[in-house]
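Take a look at the structure below.
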Amino acid sequence: MTNTKQNLSAKKEITWCPGCTNFLILESVKQALANLIDSGKYKQTDFVMTTDIGCNSKIYDYLNLSGICGLHGRSIAAGFGIKLGNPKLNVISFIGDGGAYDEGISHFIHTLRYNEDMTIVVHDNQGFSLTTGQPTATSQQGYKSKASPDGEKYRPLNPIKLALASNAGFIARCNARDIKHTAEILERAIKHKGCSFVEIIQDCLIFNTEISNKDSLMYKIKDNKDKKHAEELADEWDYNSKKGKIPIGIIYQED
Ligand SMILES: Cc1ncc(C[n+]2csc(CCOP(=O)(O)OP(=O)(O)O)c2C)c(N)n1
């Protein structure tokens with residue numbers, strides 16, 4: 001590990017389940033930040049993170065950055081507030097699909113609309129994992145859990161389409177298992193001037209495993225700046241099944 005990556009690692013015991021895909025996301029984040037810091041254009045203290053509550057948000061304890069660990073669904077709101085208070089900081093808001101697309105969906109939509117220069121990273125495992133797998137807005141219809149014993153009634157929302165409808169200027173999707181690619185996209189998202197949204201598809205190893213292992217559906221796309229094409233790319237996967245193709249990369253970027 002480089003010194004920069006070591007400095008980004010907090011010395012806390014990691015309590016994610018063994019093999020959790022959050023380890024991979026943590027590694028991608030450290031890689032992206034280390035590249036930016038090693039370029040000489042950023043210092044570690046230029047970055048600040050926000051999280052809320054959830055398995056994803058334990059990253060707050062493992063990443064050696066200042067920040068706020070707030071209420072569930074409020075990571076983006078806290079990040080937006082920090083950015084308004086000190087625009088010089090590079091804010092990264094980590095949040096789960098439950099926090100971003102259920103509990104705090106209004107913050108997600110409006111922060112994209114306001115286009116403040118910050119980065120939203122959604123760890124999307126298609127379920128509320130920390131609280132034992134209740135369905136979220138991106139869980140597939142029919143998903144059986146303790147909270148939905150007869151199967152989830154509703155069709156999932158497509159966060160990429162929602163981001164496009166919210167006039168987001170940077171929308172990307174990543175596969176948590178592809179550390180190198182995720183690190184590259186995170187780096188580009190942080191460098192983007194305006195609000196950037198990175199949706200990371202991750203498997204939870206314990207809950208909603210029937211929607212896991214979609215790697216063979218995923219394929220990398222070229223950077224796209226055309227809104228119509230972005231809509232077509234967003235339509236390729238509806239989050240509801242393991243059918244279709246799942247485009248990975250920068251789905252839309254507007255300068
Ligand atoms: C305001 C509020 N609502 C609900 C909860 C209960 N709660 C804590 S974590 C969590 C689930 C988190 O799911 P998600 O945001 O998808 O993150 P994951 O655990 O899947 O990473 C819930 C419902 C809470 N702590 N606070």
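Just so we're on the same page: first chain in the structure tokens is A, next is B, and so on; residues restart at 1 for each chain, and ligands are numbered from 1 in the order they show up.
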
Inset, instruction - Produce as a list in words the set of residues near ligand 1, where near means within 7 Å with only C-alpha atoms and all ligand atoms considered. - result: Ile53, Gly54, Cys55, Asn56, Ser57, Leu71, His72, Gly73, Ile95, Gly96, Asp97, Gly98, Gly99, Ala100, Glu103, His123, Asp124, Asn125, Gly127, Phe128, Ser129, Leu130, Thr131 and Thr136 of chain A

task = Might you pull out every residue within 8 Å of Thr51 of chain A, with only C-alpha atoms counted and same-chain residues fewer than 4 positions away left off, and present them as a ChimeraX atom specification?
result = /A:57,59-60,68-70,74-76,93-95

Which residues of segment 228-248 of chain A have any atom within 12 Å of an atom in segment 198-215 of chain A when counting only C-alpha atoms, and what is the closest pair of atoms for each, with the distance in Å to one decimal? Order the rows by chain and rising number and write it as JSON lines.
{"residue": "A:Trp237", "atom": "CA", "partner": "A:Lys214", "partner_atom": "CA", "distance": 11.1}
{"residue": "A:Tyr239", "atom": "CA", "partner": "A:Ile211", "partner_atom": "CA", "distance": 9.0}
{"residue": "A:Asn240", "atom": "CA", "partner": "A:Ile211", "partner_atom": "CA", "distance": 8.6}
{"residue": "A:Ser241", "atom": "CA", "partner": "A:Ile211", "partner_atom": "CA", "distance": 7.0}
{"residue": "A:Lys242", "atom": "CA", "partner": "A:Lys214", "partner_atom": "CA", "distance": 6.4}
{"residue": "A:Lys243", "atom": "CA", "partner": "A:Lys214", "partner_atom": "CA", "distance": 8.9}
{"residue": "A:Gly244", "atom": "CA", "partner": "A:Lys214", "partner_atom": "CA", "distance": 10.1}
{"residue": "A:Lys245", "atom": "CA", "partner": "A:Lys214", "partner_atom": "CA", "distance": 9.3}
{"residue": "A:Ile246", "atom": "CA", "partner": "A:Lys214", "partner_atom": "CA", "distance": 8.3}
{"residue": "A:Pro247", "atom": "CA", "partner": "A:Asp215", "partner_atom": "CA", "distance": 10.7}
{"residue": "A:Ile248", "atom": "CA", "partner": "A:Ile200", "partner_atom": "CA", "distance": 9.3}

**Request:** Find the spatial neighbours of Lys220 of chain A, counting only C-alpha atoms, within a cut-off of 12 Å - ignore same-chain residues fewer than 5 positions away - and output them as a PyMOL selection string.
**Result:** chain A and resi 172-175+178+181-182+185+215+233+245-251

Using only C-alpha atoms, the best pick from A:Leu8, A:Ala34, A:Val91, A:Leu84 as closest to Asp46 of chain A would be A:Val91
